[in-house]
Amino acid sequence: MGMETLSASPNLIPYATMTLQKGLQIATDEPTLQIMRTLSRRVIAVRQEHDFFRVWCDRADLLYYADRFTTGGADLWPNDPSAKILGRSHVSVNTPAVYVDIPAALQAVDPIENMLALKDTDEARDAAAALERVYSAWKMEDNNPLKFHKAATVKGLYGRTAARVFWDPDDDDPNSDGHPSVEIVEQPRNLYLGYKTDTYEELEWAAYRMLYEPNALIEAFGVDVSPYKDEDSGYTLPLVEVRDFFDIPPRQWLTSGDARVEVWDYWYRQPVWSTGRNPKFKRMDTYNVVLAGNVIVRGPIKYDEYKGSLPYVPLFNTFVPGLPTGRADLMDVEPLIREKMEIITNGSQMIHNGTSGDAWQLVGPDAPMRVPAGLKPKRGEMVGPGPGNRIETITPFIAEFQLEQFLGRIDRELATVSGLNDLLLGLAPAQVLSSSKAINALIANYESRLSMRLRLLYAWRIEVWELALKIWVAKSKTVATIVSQGGGRLEVIDPSLSPRDDMETATRAINLVNAKLWSQRRAMGIVGVDDPETEQDMIREESTDATLWPERVQVMAQLMQALQALGLNAPQGVQDQAQGQLSSGQQDLHKALGMQTPDNSTSSQLPGDQGMTPPTPGMDQSGAPTPFAQGPAAAPGAPIGPGKPGGPGLMQQTISGGKIAPGKTFIKTQASLGRR
């Protein structure tokens, strides 16, 4: 946090950035000084570790994206002597980004998420289902999949990142009350984090450092910036001033050159004690203050919705015991990439020397000390070396090295360090791509390498949602009611990375549901259905359509008849559903059999032009269509045969496993056939 000189103006006046340390020397307001001293002390406490992290971030940037271009293209190591010596070969192997992008893409696959009820009651389960619908809608509204992928990429590149959870009021949408939003910290080098204990699990404070151009600072916070001459360093600093509304600012920031103002977004906690003779600790409150150079431009503001938590949720790429950081994907890959570039560069130089052509020399007793230019041999030309002289070739020396074997050793070590096999790199041979077992074995091998990263990533995802839900409960009565009724706890399950795993998961879910070990809702959640309750409603709606599922409609009707015959009354909801199925089935069956009213819109409507449908024996002549032709009904008690009393018609069916058993349906007629 020392003096950071940026550039000078055309009149050679030196300008510098207004930093927190310089602000401490210039500020005069005591409350401001107290907050600035606390922040400065905390930043200094973590500076050693953070400086090391900033150095690595600079190296990772140069590996992930080249900032220099040579005649051969983007160059990851342009400062090497081979890139500057004329006539030397220089090869840049630009593959480091692959070791970040592929693991990030595999980790960013949407996992299986379910909302589990906190209590074993119907009300809690309904509340968990409602909260799951809220969670699914929130993910789509906040573009959560894209942010999830960004987080996986940033943590893989730098080793760590964080999510900032805040309340978005949705000012652009008048119909919305707002919702919590998540922002991924794309520059973790600017985020300073302080932990409660040396276990590095819970945050005590957080500060994000930004550099503002004076004009942007005026726009963001309504302050004014004027040049300030620092006598100690001789530099001109941008001095931030808070002015009254009626004062006319001098607008002298235009003379501050390229100087910047260091702005700190500082979050901290303060204890709250009860009043009385024996005060006791009650809770921790969350505060935020924004410092710009030498003044406070916003706050301190208390945020009750955080309830003592901080808005930042850190995410680490891997677990490093005893350190508040994670190992980046490129940290152990960089030396091998550098060695590979050196070996390929040296090998290409040897090939260039061997193929550039032979050298020539003029020998003989009368050979001159300086060879005339015309004696240099050229292809297709005759050269006269002179009497007593001759031209001889000098074959260049070519050393024999096992270059391919050496590069193969480096590639093997790269695969050992990163875990990326040929299949994931797109280099698998045809015999591997044609074998599903080989593909699944290679993917499963890499999944075990990602297990720690995935567990850290999913735990962070749950923690982000819990913080967002805490804010939502404080801002929305509807969400607060759902949580008070039992709410739910987010459960995240690893996704499947291959189609074969998807089929195995679906088959397993089907078997467990059929064995009555799982509910249908749980099985739907496992196979990736976002809203099982809505899916069940759609299944019920389709099951009442006799043209789609005639067996389901018939089974429901038969079960209702069986219950009524036993004198058991089904619940009203089941009766209504059965009646709906029966009426829907009759209508669909009429349409399927062509019994709907004829459409004569394209023919003549005169009475004499209308055709008549021939009567069907047994059909009701009043015009009401029946699904099947009926025979003459027997009167109650009328005999249907010798010694056989009459009675209502009877259809016997056997229902097994929720379906009508084939070959076990019997129909008994009721009409008397008479005697011949």
# chains A, B, ... in the order shown; residues from 1 in each chain; ligands from 1
>>> residues_around(residues="stretch 53-58 of chain A", least_positions_apart="6", cutoff="12 Å", atoms="only C-alpha atoms", output="ChimeraX atom specification")
/A:46-47,64-67,154-161,186-192,323-332,334
>>> write_last_selection(atoms="N, CA and C atoms", output="compact mmCIF listing (two decimals), in the first residue's frame")
# COMPACT_ATOMS: atom_id res chain seq x y z
N VAL A 46 -2.83 -9.15 7.23
CA VAL A 46 -2.92 -10.21 6.22
C VAL A 46 -2.11 -9.87 4.97
N ARG A 47 -1.28 -8.82 5.04
CA ARG A 47 -0.59 -8.37 3.83
C ARG A 47 0.41 -9.39 3.33
N TYR A 64 -2.64 -17.77 -18.57
CA TYR A 64 -3.97 -18.01 -19.11
C TYR A 64 -4.22 -17.21 -20.38
N TYR A 65 -3.66 -16.00 -20.44
CA TYR A 65 -3.88 -15.13 -21.60
C TYR A 65 -2.60 -14.35 -21.86
N ALA A 66 -2.00 -14.57 -23.04
CA ALA A 66 -0.75 -13.92 -23.38
C ALA A 66 -0.96 -12.43 -23.62
N ASP A 67 -0.09 -11.61 -23.03
CA ASP A 67 -0.20 -10.16 -23.22
C ASP A 67 0.83 -9.63 -24.20
N VAL A 154 -12.74 -19.05 -12.15
CA VAL A 154 -11.89 -18.14 -11.39
C VAL A 154 -11.14 -18.88 -10.30
N LYS A 155 -11.80 -19.76 -9.58
CA LYS A 155 -11.12 -20.49 -8.51
C LYS A 155 -10.07 -21.45 -9.07
N GLY A 156 -10.33 -22.01 -10.26
CA GLY A 156 -9.34 -22.87 -10.87
C GLY A 156 -8.11 -22.12 -11.33
N LEU A 157 -8.29 -20.86 -11.76
CA LEU A 157 -7.17 -20.07 -12.25
C LEU A 157 -6.35 -19.49 -11.12
N TYR A 158 -7.01 -18.90 -10.12
CA TYR A 158 -6.29 -18.23 -9.05
C TYR A 158 -6.18 -19.05 -7.77
N GLY A 159 -7.00 -20.06 -7.63
CA GLY A 159 -6.98 -20.86 -6.41
C GLY A 159 -8.10 -20.52 -5.45
N ARG A 160 -8.68 -19.35 -5.56
CA ARG A 160 -9.79 -18.98 -4.70
C ARG A 160 -10.57 -17.83 -5.32
N THR A 161 -11.79 -17.68 -4.87
CA THR A 161 -12.65 -16.56 -5.25
C THR A 161 -13.68 -16.41 -4.14
N GLU A 186 -14.42 -11.58 -9.58
CA GLU A 186 -13.56 -12.00 -10.69
C GLU A 186 -12.11 -11.59 -10.48
N GLN A 187 -11.84 -10.66 -9.56
CA GLN A 187 -10.47 -10.25 -9.24
C GLN A 187 -10.24 -10.48 -7.74
N PRO A 188 -10.02 -11.73 -7.33
CA PRO A 188 -9.84 -11.98 -5.89
C PRO A 188 -8.57 -11.36 -5.32
N ARG A 189 -7.65 -10.90 -6.16
CA ARG A 189 -6.45 -10.24 -5.65
C ARG A 189 -6.80 -8.93 -4.95
N ASN A 190 -7.95 -8.36 -5.26
CA ASN A 190 -8.37 -7.10 -4.63
C ASN A 190 -9.23 -7.31 -3.39
N LEU A 191 -9.52 -8.55 -3.03
CA LEU A 191 -10.39 -8.85 -1.89
C LEU A 191 -9.53 -9.30 -0.71
N TYR A 192 -9.60 -8.55 0.37
CA TYR A 192 -8.89 -8.87 1.61
C TYR A 192 -9.89 -9.47 2.59
N LEU A 323 -3.90 -23.23 5.80
CA LEU A 323 -3.76 -21.99 5.03
C LEU A 323 -5.13 -21.54 4.53
N PRO A 324 -5.39 -20.23 4.54
CA PRO A 324 -6.67 -19.72 4.01
C PRO A 324 -6.62 -19.53 2.51
N THR A 325 -6.27 -20.56 1.78
CA THR A 325 -6.14 -20.44 0.33
C THR A 325 -6.35 -21.80 -0.29
N GLY A 326 -6.32 -21.86 -1.60
CA GLY A 326 -6.43 -23.11 -2.32
C GLY A 326 -5.40 -23.16 -3.43
N ARG A 327 -4.97 -24.35 -3.78
CA ARG A 327 -3.96 -24.50 -4.82
C ARG A 327 -4.61 -24.39 -6.19
N ALA A 328 -4.07 -23.50 -7.01
CA ALA A 328 -4.61 -23.28 -8.35
C ALA A 328 -4.25 -24.44 -9.28
N ASP A 329 -5.01 -24.59 -10.35
CA ASP A 329 -4.77 -25.68 -11.29
C ASP A 329 -3.45 -25.54 -12.03
N LEU A 330 -2.99 -24.30 -12.25
CA LEU A 330 -1.77 -24.08 -13.02
C LEU A 330 -0.51 -24.01 -12.16
N MET A 331 -0.65 -24.05 -10.84
CA MET A 331 0.53 -23.87 -10.00
C MET A 331 1.56 -24.97 -10.21
N ASP A 332 1.12 -26.22 -10.29
CA ASP A 332 2.05 -27.34 -10.50
C ASP A 332 2.23 -27.69 -11.97
N GLU A 334 2.69 -25.23 -14.37
CA GLU A 334 3.55 -24.23 -15.00
C GLU A 334 4.98 -24.71 -15.23
>>> residues_around(residues="stretch 404-413 of chain A", least_positions_apart="3", cutoff="12 Å", atoms="only C-alpha atoms", output="compact mmCIF listing (two decimals) with N, CA, C and O atoms, in the first residue's frame")
# COMPACT_ATOMS: atom_id res chain seq x y z
N THR A 95 -0.95 -23.98 -24.18
CA THR A 95 -1.95 -24.95 -23.70
C THR A 95 -2.33 -24.79 -22.22
O THR A 95 -3.17 -25.57 -21.75
N ASP A 332 1.12 -26.22 -10.29
CA ASP A 332 2.05 -27.34 -10.50
C ASP A 332 2.23 -27.69 -11.97
O ASP A 332 3.12 -28.48 -12.31
N VAL A 333 1.40 -27.10 -12.83
CA VAL A 333 1.52 -27.37 -14.26
C VAL A 333 2.52 -26.43 -14.92
O VAL A 333 3.17 -26.79 -15.91
N GLU A 334 2.69 -25.23 -14.37
CA GLU A 334 3.55 -24.23 -15.00
C GLU A 334 4.98 -24.71 -15.23
O GLU A 334 5.53 -24.52 -16.34
N PRO A 335 5.69 -25.35 -14.26
CA PRO A 335 7.06 -25.79 -14.55
C PRO A 335 7.14 -26.80 -15.69
O PRO A 335 8.09 -26.76 -16.49
N LEU A 336 6.16 -27.69 -15.79
CA LEU A 336 6.18 -28.68 -16.87
C LEU A 336 5.90 -28.03 -18.22
O LEU A 336 6.50 -28.42 -19.24
N ILE A 337 5.00 -27.06 -18.25
CA ILE A 337 4.74 -26.35 -19.51
C ILE A 337 6.00 -25.60 -19.94
O ILE A 337 6.36 -25.58 -21.13
N ARG A 338 6.68 -24.96 -19.00
CA ARG A 338 7.91 -24.22 -19.34
C ARG A 338 8.98 -25.18 -19.87
O ARG A 338 9.66 -24.89 -20.86
N GLU A 339 9.14 -26.34 -19.22
CA GLU A 339 10.13 -27.32 -19.70
C GLU A 339 9.77 -27.82 -21.09
O GLU A 339 10.66 -28.00 -21.94
N LYS A 340 8.50 -28.03 -21.34
CA LYS A 340 8.09 -28.50 -22.66
C LYS A 340 8.38 -27.46 -23.73
O LYS A 340 8.84 -27.80 -24.84
N MET A 341 8.14 -26.19 -23.43
CA MET A 341 8.44 -25.14 -24.41
C MET A 341 9.94 -25.06 -24.69
O MET A 341 10.36 -24.85 -25.84
N GLU A 342 10.75 -25.22 -23.66
CA GLU A 342 12.21 -25.18 -23.87
C GLU A 342 12.69 -26.34 -24.71
O GLU A 342 13.53 -26.18 -25.61
N ILE A 343 12.19 -27.54 -24.44
CA ILE A 343 12.62 -28.72 -25.19
C ILE A 343 12.19 -28.61 -26.66
O ILE A 343 12.97 -28.89 -27.58
N ILE A 344 10.97 -28.20 -26.89
CA ILE A 344 10.51 -28.07 -28.27
C ILE A 344 11.28 -26.97 -28.99
O ILE A 344 11.61 -27.11 -30.19
N THR A 345 11.58 -25.88 -28.30
CA THR A 345 12.36 -24.81 -28.92
C THR A 345 13.76 -25.29 -29.30
O THR A 345 14.25 -25.03 -30.41
N GLY A 347 14.69 -28.40 -29.78
CA GLY A 347 14.59 -29.40 -30.84
C GLY A 347 14.33 -28.77 -32.20
O GLY A 347 14.91 -29.19 -33.22
N GLU A 400 21.98 -36.55 -31.79
CA GLU A 400 20.85 -37.45 -31.73
C GLU A 400 20.30 -37.48 -30.30
O GLU A 400 21.00 -37.84 -29.37
N PHE A 401 19.05 -37.05 -30.18
CA PHE A 401 18.37 -37.06 -28.88
C PHE A 401 17.03 -37.77 -29.05
O PHE A 401 16.39 -37.68 -30.10
N THR A 416 -0.32 -36.75 -14.84
CA THR A 416 -0.28 -37.15 -13.43
C THR A 416 -0.65 -35.99 -12.52
O THR A 416 -1.40 -36.15 -11.55
N VAL A 417 -0.15 -34.80 -12.84
CA VAL A 417 -0.41 -33.64 -11.99
C VAL A 417 -1.85 -33.16 -12.15
O VAL A 417 -2.55 -32.89 -11.16
N SER A 418 -2.32 -33.04 -13.38
CA SER A 418 -3.63 -32.46 -13.63
C SER A 418 -4.76 -33.48 -13.59
O SER A 418 -5.91 -33.13 -13.32
N GLY A 419 -4.46 -34.74 -13.90
CA GLY A 419 -5.50 -35.76 -13.98
C GLY A 419 -6.23 -35.80 -15.30
O GLY A 419 -7.09 -36.66 -15.49
N LEU A 420 -5.94 -34.89 -16.22
CA LEU A 420 -6.61 -34.86 -17.52
C LEU A 420 -6.02 -35.95 -18.41
O LEU A 420 -4.84 -35.91 -18.76
N ASN A 421 -6.85 -36.93 -18.80
CA ASN A 421 -6.40 -38.00 -19.68
C ASN A 421 -6.67 -37.63 -21.12
O ASN A 421 -7.21 -36.56 -21.44
N ASP A 422 -6.29 -38.54 -22.03
CA ASP A 422 -6.43 -38.26 -23.47
C ASP A 422 -7.89 -38.07 -23.87
O ASP A 422 -8.19 -37.30 -24.79
N LEU A 425 -8.91 -34.54 -23.06
CA LEU A 425 -8.19 -33.60 -23.90
C LEU A 425 -8.55 -33.72 -25.37
O LEU A 425 -8.05 -32.96 -26.20
>>> residues_around(residues="stretch 300-303 of chain A", least_positions_apart="2", cutoff="7 Å", atoms="only C-alpha atoms", output="MDAnalysis selection string")
chainID A and resid 285:289 298 305:306
>>> residues_around(residues="stretch 385-394 of chain A", least_positions_apart="5", cutoff="7 Å", atoms="only C-alpha atoms", output="CSV table (one decimal) with N, CA, C and O atoms, in the first residue's frame")
chain,number,residue,atom,x,y,z
A,358,ASP,N,24.3,-27.5,-46.4
A,358,ASP,CA,25.7,-27.7,-46.0
A,358,ASP,C,26.4,-26.4,-46.2
A,358,ASP,O,26.1,-25.5,-46.9
A,359,ALA,N,27.6,-26.3,-45.4
A,359,ALA,CA,28.5,-25.2,-45.6
A,359,ALA,C,29.6,-25.7,-46.6
A,359,ALA,O,29.8,-26.9,-46.8
A,360,TRP,N,30.3,-24.7,-47.2
A,360,TRP,CA,31.3,-25.0,-48.2
A,360,TRP,C,32.7,-24.4,-47.8
A,360,TRP,O,32.7,-23.4,-47.1
A,361,GLN,N,33.8,-25.1,-48.3
A,361,GLN,CA,35.1,-24.5,-48.1
A,361,GLN,C,35.9,-24.8,-49.3
A,361,GLN,O,35.8,-25.8,-50.0
A,362,LEU,N,36.9,-23.8,-49.5
A,362,LEU,CA,37.8,-23.9,-50.7
A,362,LEU,C,39.1,-24.3,-50.2
A,362,LEU,O,39.7,-23.7,-49.3
A,363,VAL,N,39.6,-25.5,-50.7
A,363,VAL,CA,40.9,-26.1,-50.2
A,363,VAL,C,41.8,-26.2,-51.4
A,363,VAL,O,41.4,-26.3,-52.5
A,364,GLY,N,43.1,-26.3,-51.1
A,364,GLY,CA,44.1,-26.5,-52.1
A,364,GLY,C,45.4,-25.7,-51.8
A,364,GLY,O,45.3,-24.8,-50.9
A,365,PRO,N,46.5,-25.9,-52.5
A,365,PRO,CA,47.8,-25.2,-52.2
A,365,PRO,C,47.7,-23.7,-52.5
A,365,PRO,O,48.4,-22.9,-51.9
A,366,ASP,N,46.9,-23.4,-53.5
A,366,ASP,CA,46.8,-22.0,-53.9
A,366,ASP,C,45.4,-21.4,-53.5
A,366,ASP,O,45.0,-20.4,-54.1
A,367,ALA,N,44.8,-21.9,-52.5
A,367,ALA,CA,43.5,-21.4,-52.0
A,367,ALA,C,43.7,-20.0,-51.4
A,367,ALA,O,44.5,-19.8,-50.6
A,375,LEU,N,32.5,-17.5,-56.1
A,375,LEU,CA,32.8,-18.9,-55.9
A,375,LEU,C,31.9,-19.7,-55.0
A,375,LEU,O,32.0,-20.9,-54.8
>>> select_by_dssp(residues="stretch 138-219 of chain A", states="alpha helix (DSSP H)", output="list in words")
Trp138, Lys139, Met140, Glu141, Asn144, Pro145, Leu146, Lys147, Phe148, His149, Lys150, Ala151, Ala152, Thr153, Val154, Lys155, Gly156, Leu157, Tyr158, Pro214, Asn215, Ala216, Leu217, Ile218 and Glu219 of chain A
>>> closest_residue(among="A:Ser92, A:Glu213, A:Tyr266, A:Ser233", to="A:Thr38", atoms="only C-alpha atoms")
A:Tyr266
>>> residues_around(residues="A:Arg508", least_positions_apart="2", cutoff="12 Å", atoms="only C-alpha atoms", output="list in words")
Asp501, Asp502, Met503, Glu504, Thr505, Ala506, Ile510, Asn511, Leu512, Val513, Asn514, Ala515, Leu517, Trp518, Arg522, Ala523, Met524, Ile526 and Val527 of chain A
>>> closest_residue(among="A:Ala480, A:Leu291, A:Val553, A:Leu559", to="A:Ala130", atoms="only C-alpha atoms")
A:Ala480
>>> atom_distance(atom1="atom CA of A:Thr17", atom2="atom CA of A:Val261")
5.6 Å
>>> select_by_dssp(residues="stretch 283-387 of chain A", states="strand (DSSP E)", output="PyMOL selection string")
chain A and resi 283-292+295-303+312-316+359-363
>>> residues_around(residues="A:Ser484", least_positions_apart="3", cutoff="12 Å", atoms="only C-alpha atoms", output="CSV table (one decimal) with N, CA, C and O atoms, in the first residue's frame")
chain,number,residue,atom,x,y,z
A,117,ALA,N,-37.5,-31.3,3.6
A,117,ALA,CA,-38.3,-30.7,4.7
A,117,ALA,C,-37.5,-30.9,6.0
A,117,ALA,O,-36.8,-31.9,6.3
A,118,LEU,N,-37.7,-29.8,6.9
A,118,LEU,CA,-37.0,-29.8,8.2
A,118,LEU,C,-37.8,-30.6,9.2
A,118,LEU,O,-37.2,-30.9,10.3
A,119,LYS,N,-39.1,-30.9,9.0
A,119,LYS,CA,-39.9,-31.6,9.9
A,119,LYS,C,-40.7,-32.7,9.1
A,119,LYS,O,-40.9,-32.6,7.9
A,123,GLU,N,-47.3,-30.3,6.4
A,123,GLU,CA,-47.1,-28.9,6.2
A,123,GLU,C,-45.7,-28.6,5.9
A,123,GLU,O,-45.4,-27.7,5.0
A,124,ALA,N,-44.7,-29.2,6.6
A,124,ALA,CA,-43.3,-29.0,6.3
A,124,ALA,C,-42.9,-29.5,4.9
A,124,ALA,O,-42.2,-28.8,4.2
A,126,ASP,N,-45.0,-29.7,2.3
A,126,ASP,CA,-45.5,-28.7,1.4
A,126,ASP,C,-44.7,-27.4,1.3
A,126,ASP,O,-44.5,-26.8,0.2
A,127,ALA,N,-44.2,-27.0,2.5
A,127,ALA,CA,-43.4,-25.8,2.5
A,127,ALA,C,-42.0,-26.0,1.8
A,127,ALA,O,-41.5,-25.1,1.1
A,128,ALA,N,-41.5,-27.2,2.0
A,128,ALA,CA,-40.2,-27.5,1.3
A,128,ALA,C,-40.4,-27.5,-0.2
A,128,ALA,O,-39.6,-27.1,-1.0
A,131,LEU,N,-40.7,-24.0,-1.3
A,131,LEU,CA,-39.4,-23.3,-1.3
A,131,LEU,C,-38.5,-23.8,-2.5
A,131,LEU,O,-37.7,-23.0,-3.0
A,473,VAL,N,-35.8,-13.7,3.6
A,473,VAL,CA,-36.7,-13.8,4.7
A,473,VAL,C,-36.9,-12.4,5.3
A,473,VAL,O,-38.0,-12.0,5.7
A,477,LYS,N,-42.3,-11.1,3.1
A,477,LYS,CA,-43.2,-11.8,4.0
A,477,LYS,C,-43.6,-13.2,3.5
A,477,LYS,O,-43.8,-14.1,4.2
A,478,THR,N,-43.7,-13.3,2.1
A,478,THR,CA,-44.1,-14.6,1.5
A,478,THR,C,-43.1,-15.7,1.8
A,478,THR,O,-43.4,-16.8,2.2
A,479,VAL,N,-41.8,-15.3,1.5
A,479,VAL,CA,-40.7,-16.3,1.8
A,479,VAL,C,-40.6,-16.6,3.3
A,479,VAL,O,-40.3,-17.7,3.7
A,480,ALA,N,-40.8,-15.6,4.1
A,480,ALA,CA,-40.7,-15.8,5.5
A,480,ALA,C,-41.8,-16.7,6.0
A,480,ALA,O,-41.5,-17.6,6.9
A,481,THR,N,-43.0,-16.7,5.4
A,481,THR,CA,-44.0,-17.6,5.8
A,481,THR,C,-43.7,-19.0,5.4
A,481,THR,O,-43.9,-20.0,6.2
A,487,GLY,N,-40.2,-24.9,5.8
A,487,GLY,CA,-39.2,-24.5,4.8
A,487,GLY,C,-38.5,-25.8,4.3
A,487,GLY,O,-39.1,-26.8,4.0
A,488,GLY,N,-37.2,-25.7,4.2
A,488,GLY,CA,-36.5,-26.8,3.6
A,488,GLY,C,-35.0,-26.6,3.6
A,488,GLY,O,-34.5,-25.4,3.7
>>> closest_residue(among="A:Ala74, A:Ala105, A:Leu315, A:Arg133", to="A:Glu201", atoms="only C-alpha atoms")
A:Leu315
>>> closest_residue(among="A:Leu456, A:Ala27, A:Val295, A:Ile443", to="A:Phe221", atoms="only C-alpha atoms")
A:Val295
>>> residues_around(residues="A:Met115", least_positions_apart="3", cutoff="7 Å", atoms="only C-alpha atoms", output="ChimeraX atom specification")
/A:128-129,132,488-491
>>> atom_distance(atom1="atom CA of A:Asp224", atom2="atom CA of A:Leu239")
8.3 Å
>>> closest_residue(among="A:Leu563, A:Val483, A:Lys229, A:Pro314", to="A:Tyr195", atoms="only C-alpha atoms")
A:Pro314
>>> atom_distance(atom1="atom CA of A:Phe148", atom2="atom CA of A:Ser451")
17.0 Å
>>> closest_residue(among="A:Val134, A:Ser543, A:Ala415, A:Tyr235", to="A:Arg449", atoms="only C-alpha atoms")
A:Ala415
